[in-house]
>>> print(open('structure17.cif').read())   # mmCIF, C-alpha atoms
data_upload
loop_
_atom_site.group_PDB
_atom_site.id
_atom_site.type_symbol
_atom_site.label_atom_id
_atom_site.label_comp_id
_atom_site.auth_asym_id
_atom_site.auth_seq_id
_atom_site.Cartn_x
_atom_site.Cartn_y
_atom_site.Cartn_z
ATOM 1 C CA MET A 555 -10.663 -2.968 -9.850
ATOM 2 C CA ILE A 556 -10.626 -2.437 -6.069
ATOM 3 C CA THR A 557 -13.531 -4.316 -4.451
ATOM 4 C CA SER A 558 -15.222 -3.614 -1.140
ATOM 5 C CA MET A 559 -13.967 -6.741 0.700
ATOM 6 C CA PHE A 560 -11.404 -5.951 3.419
ATOM 7 C CA LYS A 561 -7.912 -6.073 1.916
ATOM 8 C CA LEU A 562 -4.701 -7.247 3.504
ATOM 9 C CA ILE A 563 -1.923 -5.217 1.902
ATOM 10 C CA ALA A 564 1.831 -5.713 2.122
ATOM 11 C CA VAL A 565 4.035 -2.642 1.770
ATOM 12 C CA THR A 566 7.579 -3.578 0.844
ATOM 13 C CA ASN A 567 10.872 -2.571 2.408
ATOM 14 C CA ARG A 568 13.681 -4.773 1.161
ATOM 15 C CA HIS A 569 15.987 -3.532 3.934
ATOM 16 C CA LEU A 570 13.826 -5.378 6.477
ATOM 17 C CA CYS A 571 13.896 -8.717 4.634
ATOM 18 C CA ASN A 572 16.290 -11.503 5.528
ATOM 19 C CA GLU A 573 15.925 -12.836 1.975
ATOM 20 C CA PRO A 574 15.912 -11.248 -1.505
ATOM 21 C CA LEU A 575 12.780 -9.137 -1.973
ATOM 22 C CA VAL A 576 11.682 -11.082 -5.050
ATOM 23 C CA GLN A 577 11.566 -14.233 -2.912
ATOM 24 C CA ARG A 578 9.483 -12.409 -0.305
ATOM 25 C CA LEU A 579 7.110 -11.185 -3.050
ATOM 26 C CA ASP A 580 6.656 -14.767 -4.216
ATOM 27 C CA ARG A 581 6.010 -16.036 -0.689
ATOM 28 C CA LEU A 582 3.526 -13.247 0.068
ATOM 29 C CA THR A 583 1.661 -13.939 -3.181
ATOM 30 C CA ARG A 584 1.500 -17.666 -2.481
ATOM 31 C CA ALA A 585 0.335 -16.949 1.075
ATOM 32 C CA GLY A 586 -2.674 -15.046 -0.244
ATOM 33 C CA VAL A 587 -1.951 -11.394 0.515
ATOM 34 C CA ASP A 588 -4.480 -9.288 -1.410
ATOM 35 C CA LEU A 589 -2.241 -6.468 -2.646
ATOM 36 C CA ILE A 590 1.466 -5.591 -2.555
ATOM 37 C CA ILE A 591 2.647 -1.983 -2.791
ATOM 38 C CA LEU A 592 6.219 -1.999 -4.114
ATOM 39 C CA ARG A 593 7.553 0.909 -2.058
ATOM 40 C CA GLU A 594 11.311 1.100 -2.558
ATOM 41 C CA LYS A 595 11.805 4.858 -2.526
ATOM 42 C CA ASP A 596 15.605 4.868 -2.255
ATOM 43 C CA LEU A 597 16.166 3.096 -5.583
ATOM 44 C CA GLU A 598 17.086 4.915 -8.762
ATOM 45 C CA ARG A 599 14.421 4.763 -11.432
ATOM 46 C CA LYS A 600 16.269 2.167 -13.554
ATOM 47 C CA GLN A 601 16.816 -0.123 -10.557
ATOM 48 C CA TYR A 602 13.187 0.288 -9.509
ATOM 49 C CA GLU A 603 11.961 -0.510 -13.001
ATOM 50 C CA GLU A 604 14.011 -3.714 -13.099
ATOM 51 C CA LEU A 605 12.625 -4.779 -9.713
ATOM 52 C CA ALA A 606 9.080 -3.845 -10.764
ATOM 53 C CA GLN A 607 9.383 -5.893 -13.931
ATOM 54 C CA GLN A 608 10.319 -8.940 -11.850
ATOM 55 C CA GLY A 609 7.539 -8.191 -9.374
ATOM 56 C CA CYS A 610 4.893 -7.900 -12.078
ATOM 57 C CA GLY A 611 5.718 -11.419 -13.210
ATOM 58 C CA ILE A 612 5.637 -12.829 -9.684
ATOM 59 C CA CYS A 613 2.636 -11.186 -8.089
ATOM 60 C CA LYS A 614 -0.133 -12.229 -10.488
ATOM 61 C CA GLY A 615 -1.980 -8.890 -10.646
ATOM 62 C CA ARG A 616 -1.613 -8.075 -6.960
ATOM 63 C CA LEU A 617 1.268 -5.613 -7.393
ATOM 64 C CA ILE A 618 0.867 -1.832 -7.197
ATOM 65 C CA LEU A 619 3.904 0.222 -8.157
ATOM 66 C CA HIS A 620 4.885 3.146 -5.949
ATOM 67 C CA GLY A 621 6.363 6.543 -6.671
ATOM 68 C CA PHE A 622 7.762 6.006 -10.151
ATOM 69 C CA ALA A 623 4.992 6.998 -12.568
ATOM 70 C CA ASP A 624 7.448 7.129 -15.465
ATOM 71 C CA ALA A 625 8.664 3.582 -14.761
ATOM 72 C CA ALA A 626 5.077 2.313 -14.593
ATOM 73 C CA GLN A 627 4.269 3.984 -17.900
ATOM 74 C CA HIS A 628 7.415 2.588 -19.531
ATOM 75 C CA LEU A 629 6.469 -0.911 -18.399
ATOM 76 C CA GLY A 630 2.878 -0.436 -19.565
ATOM 77 C CA TYR A 631 1.713 -1.146 -16.015
ATOM 78 C CA HIS A 632 -1.541 0.466 -14.942
ATOM 79 C CA ARG A 633 -1.547 0.216 -11.137
ATOM 80 C CA LEU A 634 0.227 3.005 -9.244
ATOM 81 C CA HIS A 635 0.426 4.541 -5.770
ATOM 82 C CA LEU A 636 1.825 8.036 -5.165
ATOM 83 C CA PRO A 637 2.297 10.531 -2.364
ATOM 84 C CA LEU A 638 -0.541 13.021 -2.726
ATOM 85 C CA HIS A 639 1.726 15.941 -3.652
ATOM 86 C CA VAL A 640 3.275 13.895 -6.465
ATOM 87 C CA LEU A 641 -0.152 12.830 -7.697
ATOM 88 C CA GLN A 642 -1.186 16.490 -7.822
ATOM 89 C CA SER A 643 1.713 17.213 -10.177
ATOM 90 C CA LEU A 644 0.390 14.790 -12.818
ATOM 91 C CA SER A 645 -1.851 15.965 -15.607
ATOM 92 C CA ILE A 646 -5.353 14.561 -16.084
ATOM 93 C CA GLN A 647 -4.074 12.598 -19.084
ATOM 94 C CA GLU A 648 -1.252 11.065 -17.019
ATOM 95 C CA ARG A 649 -3.624 10.085 -14.203
ATOM 96 C CA GLU A 650 -6.083 8.525 -16.623
ATOM 97 C CA ARG A 651 -3.442 6.081 -17.832
ATOM 98 C CA PHE A 652 -3.830 4.136 -14.585
ATOM 99 C CA SER A 653 -6.761 1.830 -13.940
ATOM 100 C CA VAL A 654 -5.838 1.637 -10.236
ATOM 101 C CA LEU A 655 -4.512 4.834 -8.672
ATOM 102 C CA GLY A 656 -3.838 5.309 -4.969
ATOM 103 C CA ALA A 657 -2.576 8.183 -2.838
ATOM 104 C CA SER A 658 -0.965 8.482 0.597
ATOM 105 C CA CYS A 659 -3.175 10.698 2.766
ATOM 106 C CA HIS A 660 -2.883 12.109 6.278
ATOM 107 C CA SER A 661 -6.125 14.066 6.702
ATOM 108 C CA LEU A 662 -9.732 14.172 5.554
ATOM 109 C CA SER A 663 -8.807 17.096 3.320
ATOM 110 C CA ASP A 664 -6.149 14.938 1.650
ATOM 111 C CA VAL A 665 -8.679 12.184 1.050
ATOM 112 C CA LEU A 666 -11.192 14.564 -0.510
ATOM 113 C CA THR A 667 -8.456 15.911 -2.790
ATOM 114 C CA ALA A 668 -7.501 12.373 -3.837
ATOM 115 C CA GLN A 669 -11.156 11.712 -4.548
ATOM 116 C CA GLN A 670 -11.322 14.738 -6.852
ATOM 117 C CA LEU A 671 -8.173 13.592 -8.643
ATOM 118 C CA GLY A 672 -9.780 10.285 -9.596
ATOM 119 C CA CYS A 673 -8.119 7.916 -7.152
ATOM 120 C CA SER A 674 -9.329 4.337 -6.724
ATOM 121 C CA TYR A 675 -8.380 4.196 -3.020
ATOM 122 C CA VAL A 676 -6.281 5.981 -0.395
ATOM 123 C CA THR A 677 -3.952 4.914 2.378
ATOM 124 C CA LEU A 678 -4.426 6.822 5.628
ATOM 125 C CA GLY A 679 -1.933 7.085 8.444
ATOM 126 C CA HIS A 680 -0.249 6.737 10.602
ATOM 127 C CA ILE A 681 -2.999 5.245 12.758
ATOM 128 C CA PHE A 682 -0.954 3.577 15.528
ATOM 129 C CA ALA A 683 2.512 4.271 16.934
ATOM 130 C CA THR A 684 5.226 2.926 14.664
ATOM 131 C CA ASP A 685 9.021 2.901 14.526
ATOM 132 C CA CYS A 686 8.735 4.292 10.978
ATOM 133 C CA LYS A 687 7.395 7.555 12.462
ATOM 134 C CA LYS A 688 9.319 7.806 15.708
ATOM 135 C CA GLY A 689 8.430 10.875 17.742
ATOM 136 C CA LEU A 690 5.243 11.598 15.784
ATOM 137 C CA PRO A 691 2.003 10.883 17.651
ATOM 138 C CA PRO A 692 -0.361 8.488 15.873
ATOM 139 C CA ARG A 693 -3.620 9.866 14.516
ATOM 140 C CA GLY A 694 -5.674 7.134 16.145
ATOM 141 C CA VAL A 695 -8.734 5.007 15.547
ATOM 142 C CA GLU A 696 -11.273 7.829 16.003
ATOM 143 C CA PHE A 697 -9.549 9.748 13.205
ATOM 144 C CA LEU A 698 -9.677 6.666 10.977
ATOM 145 C CA GLU A 699 -13.348 6.146 11.762
ATOM 146 C CA GLN A 700 -14.211 9.765 10.916
ATOM 147 C CA VAL A 701 -12.386 9.695 7.593
ATOM 148 C CA CYS A 702 -13.889 6.328 6.624
ATOM 149 C CA ARG A 703 -17.332 7.764 7.322
ATOM 150 C CA GLU A 704 -16.715 10.801 5.090
ATOM 151 C CA SER A 705 -14.766 9.164 2.262
ATOM 152 C CA GLN A 706 -16.333 7.860 -0.925
ATOM 153 C CA LEU A 707 -13.137 5.920 -1.613
ATOM 154 C CA PRO A 708 -11.866 2.730 0.035
ATOM 155 C CA VAL A 709 -9.578 3.751 2.918
ATOM 156 C CA TYR A 710 -6.621 1.514 3.759
ATOM 157 C CA ALA A 711 -5.204 2.139 7.224
ATOM 158 C CA ILE A 712 -1.428 2.248 7.590
ATOM 159 C CA GLY A 713 1.028 2.666 10.445
ATOM 160 C CA GLY A 714 1.614 0.368 13.407
ATOM 161 C CA ILE A 715 -0.823 -2.280 12.214
ATOM 162 C CA ASN A 716 -0.192 -5.837 13.367
ATOM 163 C CA ALA A 717 -2.072 -8.858 14.724
ATOM 164 C CA GLU A 718 -2.993 -6.910 17.864
ATOM 165 C CA THR A 719 -4.298 -3.761 16.154
ATOM 166 C CA ILE A 720 -5.723 -4.896 12.817
ATOM 167 C CA ARG A 721 -9.185 -5.717 14.172
ATOM 168 C CA LEU A 722 -9.532 -2.101 15.335
ATOM 169 C CA THR A 723 -9.119 -0.925 11.735
ATOM 170 C CA VAL A 724 -11.886 -3.268 10.600
ATOM 171 C CA ASP A 725 -14.218 -1.987 13.324
ATOM 172 C CA ALA A 726 -13.403 1.627 12.374
ATOM 173 C CA GLY A 727 -14.707 1.017 8.857
ATOM 174 C CA ALA A 728 -11.448 0.736 6.920
ATOM 175 C CA SER A 729 -11.538 -1.188 3.652
ATOM 176 C CA GLY A 730 -8.102 -2.643 4.238
ATOM 177 C CA ALA A 731 -4.918 -2.502 6.269
ATOM 178 C CA CYS A 732 -1.310 -2.044 5.163
ATOM 179 C CA LEU A 733 1.499 -3.860 6.959
ATOM 180 C CA MET A 734 5.194 -3.411 6.358
ATOM 181 C CA SER A 735 7.395 -4.661 9.211
ATOM 182 C CA THR A 736 5.193 -7.632 10.120
ATOM 183 C CA LEU A 737 5.126 -8.991 6.576
ATOM 184 C CA MET A 738 8.717 -8.115 5.697
ATOM 185 C CA THR A 739 10.317 -9.674 8.778
ATOM 186 C CA CYS A 740 8.138 -12.687 9.625
ATOM 187 C CA PRO A 741 9.802 -16.077 9.036
ATOM 188 C CA ASP A 742 6.622 -17.627 7.605
ATOM 189 C CA PRO A 743 4.275 -15.274 5.682
ATOM 190 C CA GLU A 744 1.719 -18.036 5.162
ATOM 191 C CA VAL A 745 1.186 -18.508 8.903
ATOM 192 C CA ILE A 746 1.043 -14.771 9.608
ATOM 193 C CA ILE A 747 -1.396 -14.030 6.778
ATOM 194 C CA LYS A 748 -3.635 -16.935 7.785
ATOM 195 C CA ASN A 749 -3.716 -15.642 11.378
ATOM 196 C CA LEU A 750 -4.371 -12.064 10.258
ATOM 197 C CA LYS A 751 -7.272 -13.150 8.063
ATOM 198 C CA GLN A 752 -8.764 -15.157 10.933
ATOM 199 C CA THR A 753 -8.490 -12.059 13.151
ATOM 200 C CA ILE A 754 -10.122 -9.916 10.473
ATOM 201 C CA GLY A 755 -12.938 -12.429 10.242
#
>>> encode(input="structure17.cif", output="structure tokens")
Amino acid sequence: MITSMFKLIAVTNRHLCNEPLVQRLDRLTRAGVDLIILREKDLERKQYEELAQQGCGICKGRLILHGFADAAQHLGYHRLHLPLHVLQSLSIQERERFSVLGASCHSLSDVLTAQQLGCSYVTLGHIFATDCKKGLPPRGVEFLEQVCRESQLPVYAIGGINAETIRLTVDAGASGACLMSTLMTCPDPEVIIKNLKQTIG
């Protein structure tokens, strides 16, 4: 169940880690991150499933699988995040297998579609400039604020969020913020997460 309290969400990218990803998952969990989206899109399904199985044991209910609906179903895991176009390809029966279902959105129209498809939450981005989207202008805080106002679902901001920008997402009405680079590269997740939560208030 996704609650209304502001969530601090780690999005994984093992290529950014200076340690094995399973160790980073353990450290993030111990540091008190609220959710972890296991987003390793370049893996083959079998490799992803093996990693997800390890992650499920480490993350104590905080893990949300990403992209591989078939792997999640095979593992009997009921928390999944998908790009919106992939979510739209699933049948009602397939979607209903997941107790937590999220979608990546980039517009209010996307969010309303995700709502109709039975999502639990959406991620919305990219809000600030980020190296992950070089050359693409960010959508900005006003966009985030508008979508949060119109959405019936929790909206988790993503893209360029760090210690300097996270408070702006709170003030815009987001229900959470997703961080990749900051939480994948920091030497001490416990210190960073403590500081982020103090900033969030």
>>> atom_distance(input="structure17.cif", atom1="atom CA of A:Gly586", atom2="atom CA of A:Ile747")
7.2 Å
>>> resolve_selection(input="structure17.cif", expression="the PyMOL selection byres ((chain A and resi 622-627) around 9)", output="list in words")
Lys595, Arg599, Lys600, Tyr602, Glu603, Ala606, Leu619, His620, Gly621, His628, Leu629, Gly630, Tyr631, His632, Arg633, Leu634, His635, Leu636, Glu648, Arg651 and Phe652 of chain A
>>> closest_residue(input="structure17.cif", among="A:Leu605, A:Leu617, A:Cys686, A:Val709", to="A:Ser658", atoms="all atoms listed in the file")
A:Val709
>>> residues_around(input="structure17.cif", residues="A:Lys751", least_positions_apart="3", cutoff="10 Å", atoms="all atoms listed in the file", output="ChimeraX atom specification")
/A:560-562,586-587,717,720-721,746-748,754-755
>>> closest_residue(input="structure17.cif", among="A:Thr677, A:Val701, A:Leu638, A:Pro692", to="A:Leu662", atoms="only C-alpha atoms")
A:Val701
>>> resolve_selection(input="structure17.cif", expression="the PyMOL selection byres ((chain A and resi 679) around 7)", output="list in words")
Cys659, His660, Thr677, Leu678, His680, Ile681, Arg693, Ala711, Ile712 and Gly713 of chain A
>>> write_last_selection(input="structure17.cif", atoms="C-alpha atoms", output="PDB file, in the frame of the given file")
ATOM      1  CA  CYS A 659      -3.175  10.698   2.766  1.00  0.00           C
ATOM      2  CA  HIS A 660      -2.883  12.109   6.278  1.00  0.00           C
ATOM      3  CA  THR A 677      -3.952   4.914   2.378  1.00  0.00           C
ATOM      4  CA  LEU A 678      -4.426   6.822   5.628  1.00  0.00           C
ATOM      5  CA  HIS A 680      -0.249   6.737  10.602  1.00  0.00           C
ATOM      6  CA  ILE A 681      -2.999   5.245  12.758  1.00  0.00           C
ATOM      7  CA  ARG A 693      -3.620   9.866  14.516  1.00  0.00           C
ATOM      8  CA  ALA A 711      -5.204   2.139   7.224  1.00  0.00           C
ATOM      9  CA  ILE A 712      -1.428   2.248   7.590  1.00  0.00           C
ATOM     10  CA  GLY A 713       1.028   2.666  10.445  1.00  0.00           C
TER      11      GLY A 713
END
>>> resolve_selection(input="structure17.cif", expression="the PyMOL selection byres ((chain A and resi 571) around 10)", output="number ranges by chain")
A: 566-570, 572-575, 577-578, 735, 737-741
>>> atom_distance(input="structure17.cif", atom1="atom CA of A:Ile563", atom2="atom CA of A:Tyr710")
8.4 Å
>>> atom_distance(input="structure17.cif", atom1="atom CA of A:Asp580", atom2="atom CA of A:Ile618")
14.5 Å
>>> residues_around(input="structure17.cif", residues="A:Arg584", least_positions_apart="3", cutoff="10 Å", atoms="all atoms listed in the file", output="VMD selection string")
chain A and resid 578 to 581 587 612 to 614 743 to 744
>>> axis_aligned_box(input="structure17.cif", around="stretch 735-754 of chain A", padding_each_side="8 Å", output="lines of an AutoDock Vina configuration file")
center_x = 0.1
center_y = -11.6
center_z = 9.2
size_x = 36.4
size_y = 29.8
size_z = 24.0
>>> closest_residue(input="structure17.cif", among="A:Cys610, A:Ser674, A:Gly615, A:Leu698", to="A:Glu650", atoms="all atoms listed in the file")
A:Ser674
>>> closest_residue(input="structure17.cif", among="A:Val654, A:Leu589, A:Ile715, A:Ile646", to="A:Met734", atoms="all atoms listed in the file")
A:Ile715
>>> closest_residue(input="structure17.cif", among="A:Phe682, A:Tyr675, A:Val565, A:Pro691", to="A:Pro708", atoms="only C-alpha atoms")
A:Tyr675
>>> residues_near_point(input="structure17.cif", point="(-15.8, 8.1, 10.8)", cutoff="12 Å", atoms="only C-alpha atoms", output="count of residues only")
20
>>> closest_residue(input="structure17.cif", among="A:Ile591, A:Val665, A:Cys673, A:Ala564", to="A:Arg649", atoms="only C-alpha atoms")
A:Cys673
>>> decode(input="structure17.cif", residues="stretch 672-710 of chain A", atoms="N, CA and C atoms", output="PDB file, in the first residue's frame")
ATOM      1  N   GLY A 672      -5.523   1.728 -13.390  1.00  0.00           N
ATOM      2  CA  GLY A 672      -5.474   1.148 -12.050  1.00  0.00           C
ATOM      3  C   GLY A 672      -4.150   1.264 -11.333  1.00  0.00           C
ATOM      4  N   CYS A 673      -3.343   2.247 -11.717  1.00  0.00           N
ATOM      5  CA  CYS A 673      -2.048   2.417 -11.054  1.00  0.00           C
ATOM      6  C   CYS A 673      -2.201   2.857  -9.603  1.00  0.00           C
ATOM      7  N   SER A 674      -1.181   2.549  -8.811  1.00  0.00           N
ATOM      8  CA  SER A 674      -1.118   2.965  -7.408  1.00  0.00           C
ATOM      9  C   SER A 674      -0.449   4.322  -7.257  1.00  0.00           C
ATOM     10  N   TYR A 675       0.459   4.642  -8.205  1.00  0.00           N
ATOM     11  CA  TYR A 675       1.225   5.888  -8.186  1.00  0.00           C
ATOM     12  C   TYR A 675       1.804   6.086  -9.577  1.00  0.00           C
ATOM     13  N   VAL A 676       2.360   7.280  -9.810  1.00  0.00           N
ATOM     14  CA  VAL A 676       3.103   7.540 -11.055  1.00  0.00           C
ATOM     15  C   VAL A 676       4.409   8.249 -10.714  1.00  0.00           C
ATOM     16  N   THR A 677       5.405   8.071 -11.581  1.00  0.00           N
ATOM     17  CA  THR A 677       6.570   8.950 -11.551  1.00  0.00           C
ATOM     18  C   THR A 677       6.392   9.965 -12.677  1.00  0.00           C
ATOM     19  N   LEU A 678       6.848  11.176 -12.438  1.00  0.00           N
ATOM     20  CA  LEU A 678       6.650  12.266 -13.404  1.00  0.00           C
ATOM     21  C   LEU A 678       7.964  12.991 -13.628  1.00  0.00           C
ATOM     22  N   GLY A 679       8.366  13.094 -14.883  1.00  0.00           N
ATOM     23  CA  GLY A 679       9.633  13.774 -15.147  1.00  0.00           C
ATOM     24  C   GLY A 679       9.791  14.105 -16.616  1.00  0.00           C
ATOM     25  N   HIS A 680      11.010  14.637 -16.899  1.00  0.00           N
ATOM     26  CA  HIS A 680      12.003  14.973 -15.894  1.00  0.00           C
ATOM     27  C   HIS A 680      11.778  16.423 -15.459  1.00  0.00           C
ATOM     28  N   ILE A 681      11.856  16.643 -14.155  1.00  0.00           N
ATOM     29  CA  ILE A 681      11.468  17.933 -13.573  1.00  0.00           C
ATOM     30  C   ILE A 681      12.605  18.944 -13.653  1.00  0.00           C
ATOM     31  N   PHE A 682      13.826  18.521 -13.358  1.00  0.00           N
ATOM     32  CA  PHE A 682      14.997  19.401 -13.409  1.00  0.00           C
ATOM     33  C   PHE A 682      15.986  18.860 -14.442  1.00  0.00           C
ATOM     34  N   ALA A 683      16.919  19.705 -14.849  1.00  0.00           N
ATOM     35  CA  ALA A 683      17.946  19.271 -15.809  1.00  0.00           C
ATOM     36  C   ALA A 683      18.737  18.105 -15.223  1.00  0.00           C
ATOM     37  N   THR A 684      19.033  17.130 -16.068  1.00  0.00           N
ATOM     38  CA  THR A 684      19.747  15.948 -15.615  1.00  0.00           C
ATOM     39  C   THR A 684      20.611  15.394 -16.734  1.00  0.00           C
ATOM     40  N   ASP A 685      21.755  14.828 -16.365  1.00  0.00           N
ATOM     41  CA  ASP A 685      22.650  14.217 -17.347  1.00  0.00           C
ATOM     42  C   ASP A 685      22.000  13.028 -18.040  1.00  0.00           C
ATOM     43  N   CYS A 686      20.992  12.421 -17.381  1.00  0.00           N
ATOM     44  CA  CYS A 686      20.296  11.277 -17.991  1.00  0.00           C
ATOM     45  C   CYS A 686      19.475  11.699 -19.210  1.00  0.00           C
ATOM     46  N   LYS A 687      19.146  12.987 -19.297  1.00  0.00           N
ATOM     47  CA  LYS A 687      18.329  13.498 -20.407  1.00  0.00           C
ATOM     48  C   LYS A 687      19.019  14.701 -21.041  1.00  0.00           C
ATOM     49  N   LYS A 688      20.278  14.523 -21.377  1.00  0.00           N
ATOM     50  CA  LYS A 688      21.054  15.634 -21.928  1.00  0.00           C
ATOM     51  C   LYS A 688      20.405  16.172 -23.202  1.00  0.00           C
ATOM     52  N   GLY A 689      20.315  17.508 -23.273  1.00  0.00           N
ATOM     53  CA  GLY A 689      19.758  18.142 -24.454  1.00  0.00           C
ATOM     54  C   GLY A 689      18.258  18.310 -24.424  1.00  0.00           C
ATOM     55  N   LEU A 690      17.578  17.661 -23.473  1.00  0.00           N
ATOM     56  CA  LEU A 690      16.126  17.795 -23.357  1.00  0.00           C
ATOM     57  C   LEU A 690      15.798  18.766 -22.226  1.00  0.00           C
ATOM     58  N   PRO A 691      15.039  19.819 -22.509  1.00  0.00           N
ATOM     59  CA  PRO A 691      14.723  20.776 -21.451  1.00  0.00           C
ATOM     60  C   PRO A 691      13.857  20.147 -20.374  1.00  0.00           C
ATOM     61  N   PRO A 692      14.109  20.477 -19.110  1.00  0.00           N
ATOM     62  CA  PRO A 692      13.279  19.940 -18.030  1.00  0.00           C
ATOM     63  C   PRO A 692      11.869  20.518 -18.085  1.00  0.00           C
ATOM     64  N   ARG A 693      10.925  19.784 -17.519  1.00  0.00           N
ATOM     65  CA  ARG A 693       9.531  20.229 -17.548  1.00  0.00           C
ATOM     66  C   ARG A 693       9.229  21.243 -16.445  1.00  0.00           C
ATOM     67  N   GLY A 694       9.977  21.233 -15.386  1.00  0.00           N
ATOM     68  CA  GLY A 694       9.903  22.299 -14.399  1.00  0.00           C
ATOM     69  C   GLY A 694       8.915  22.107 -13.271  1.00  0.00           C
ATOM     70  N   VAL A 695       9.075  22.956 -12.262  1.00  0.00           N
ATOM     71  CA  VAL A 695       8.283  22.846 -11.035  1.00  0.00           C
ATOM     72  C   VAL A 695       6.822  23.220 -11.272  1.00  0.00           C
ATOM     73  N   GLU A 696       6.561  24.214 -12.119  1.00  0.00           N
ATOM     74  CA  GLU A 696       5.166  24.605 -12.379  1.00  0.00           C
ATOM     75  C   GLU A 696       4.394  23.452 -13.011  1.00  0.00           C
ATOM     76  N   PHE A 697       5.041  22.722 -13.907  1.00  0.00           N
ATOM     77  CA  PHE A 697       4.435  21.543 -14.516  1.00  0.00           C
ATOM     78  C   PHE A 697       4.124  20.501 -13.449  1.00  0.00           C
ATOM     79  N   LEU A 698       5.072  20.246 -12.569  1.00  0.00           N
ATOM     80  CA  LEU A 698       4.867  19.289 -11.481  1.00  0.00           C
ATOM     81  C   LEU A 698       3.703  19.706 -10.604  1.00  0.00           C
ATOM     82  N   GLU A 699       3.653  20.983 -10.270  1.00  0.00           N
ATOM     83  CA  GLU A 699       2.586  21.497  -9.411  1.00  0.00           C
ATOM     84  C   GLU A 699       1.211  21.316 -10.065  1.00  0.00           C
ATOM     85  N   GLN A 700       1.123  21.600 -11.361  1.00  0.00           N
ATOM     86  CA  GLN A 700      -0.146  21.452 -12.072  1.00  0.00           C
ATOM     87  C   GLN A 700      -0.615  20.003 -12.073  1.00  0.00           C
ATOM     88  N   VAL A 701       0.302  19.093 -12.385  1.00  0.00           N
ATOM     89  CA  VAL A 701      -0.077  17.680 -12.450  1.00  0.00           C
ATOM     90  C   VAL A 701      -0.466  17.154 -11.067  1.00  0.00           C
ATOM     91  N   CYS A 702       0.279  17.533 -10.043  1.00  0.00           N
ATOM     92  CA  CYS A 702      -0.056  17.113  -8.680  1.00  0.00           C
ATOM     93  C   CYS A 702      -1.453  17.584  -8.283  1.00  0.00           C
ATOM     94  N   ARG A 703      -1.800  18.772  -8.726  1.00  0.00           N
ATOM     95  CA  ARG A 703      -3.120  19.338  -8.418  1.00  0.00           C
ATOM     96  C   ARG A 703      -4.242  18.537  -9.085  1.00  0.00           C
ATOM     97  N   GLU A 704      -3.976  18.044 -10.301  1.00  0.00           N
ATOM     98  CA  GLU A 704      -5.003  17.362 -11.089  1.00  0.00           C
ATOM     99  C   GLU A 704      -5.052  15.853 -10.843  1.00  0.00           C
ATOM    100  N   SER A 705      -3.980  15.284 -10.340  1.00  0.00           N
ATOM    101  CA  SER A 705      -3.890  13.830 -10.214  1.00  0.00           C
ATOM    102  C   SER A 705      -4.588  13.321  -8.959  1.00  0.00           C
ATOM    103  N   GLN A 706      -5.259  12.185  -9.104  1.00  0.00           N
ATOM    104  CA  GLN A 706      -5.817  11.493  -7.945  1.00  0.00           C
ATOM    105  C   GLN A 706      -4.823  10.482  -7.369  1.00  0.00           C
ATOM    106  N   LEU A 707      -3.726  10.277  -8.086  1.00  0.00           N
ATOM    107  CA  LEU A 707      -2.701   9.334  -7.652  1.00  0.00           C
ATOM    108  C   LEU A 707      -1.527  10.069  -6.999  1.00  0.00           C
ATOM    109  N   PRO A 708      -0.781   9.403  -6.121  1.00  0.00           N
ATOM    110  CA  PRO A 708       0.479   9.971  -5.656  1.00  0.00           C
ATOM    111  C   PRO A 708       1.417  10.185  -6.844  1.00  0.00           C
ATOM    112  N   VAL A 709       2.043  11.358  -6.898  1.00  0.00           N
ATOM    113  CA  VAL A 709       2.973  11.701  -7.974  1.00  0.00           C
ATOM    114  C   VAL A 709       4.378  11.781  -7.385  1.00  0.00           C
ATOM    115  N   TYR A 710       5.287  10.985  -7.936  1.00  0.00           N
ATOM    116  CA  TYR A 710       6.677  10.991  -7.499  1.00  0.00           C
ATOM    117  C   TYR A 710       7.517  11.692  -8.561  1.00  0.00           C
TER     118      TYR A 710
END
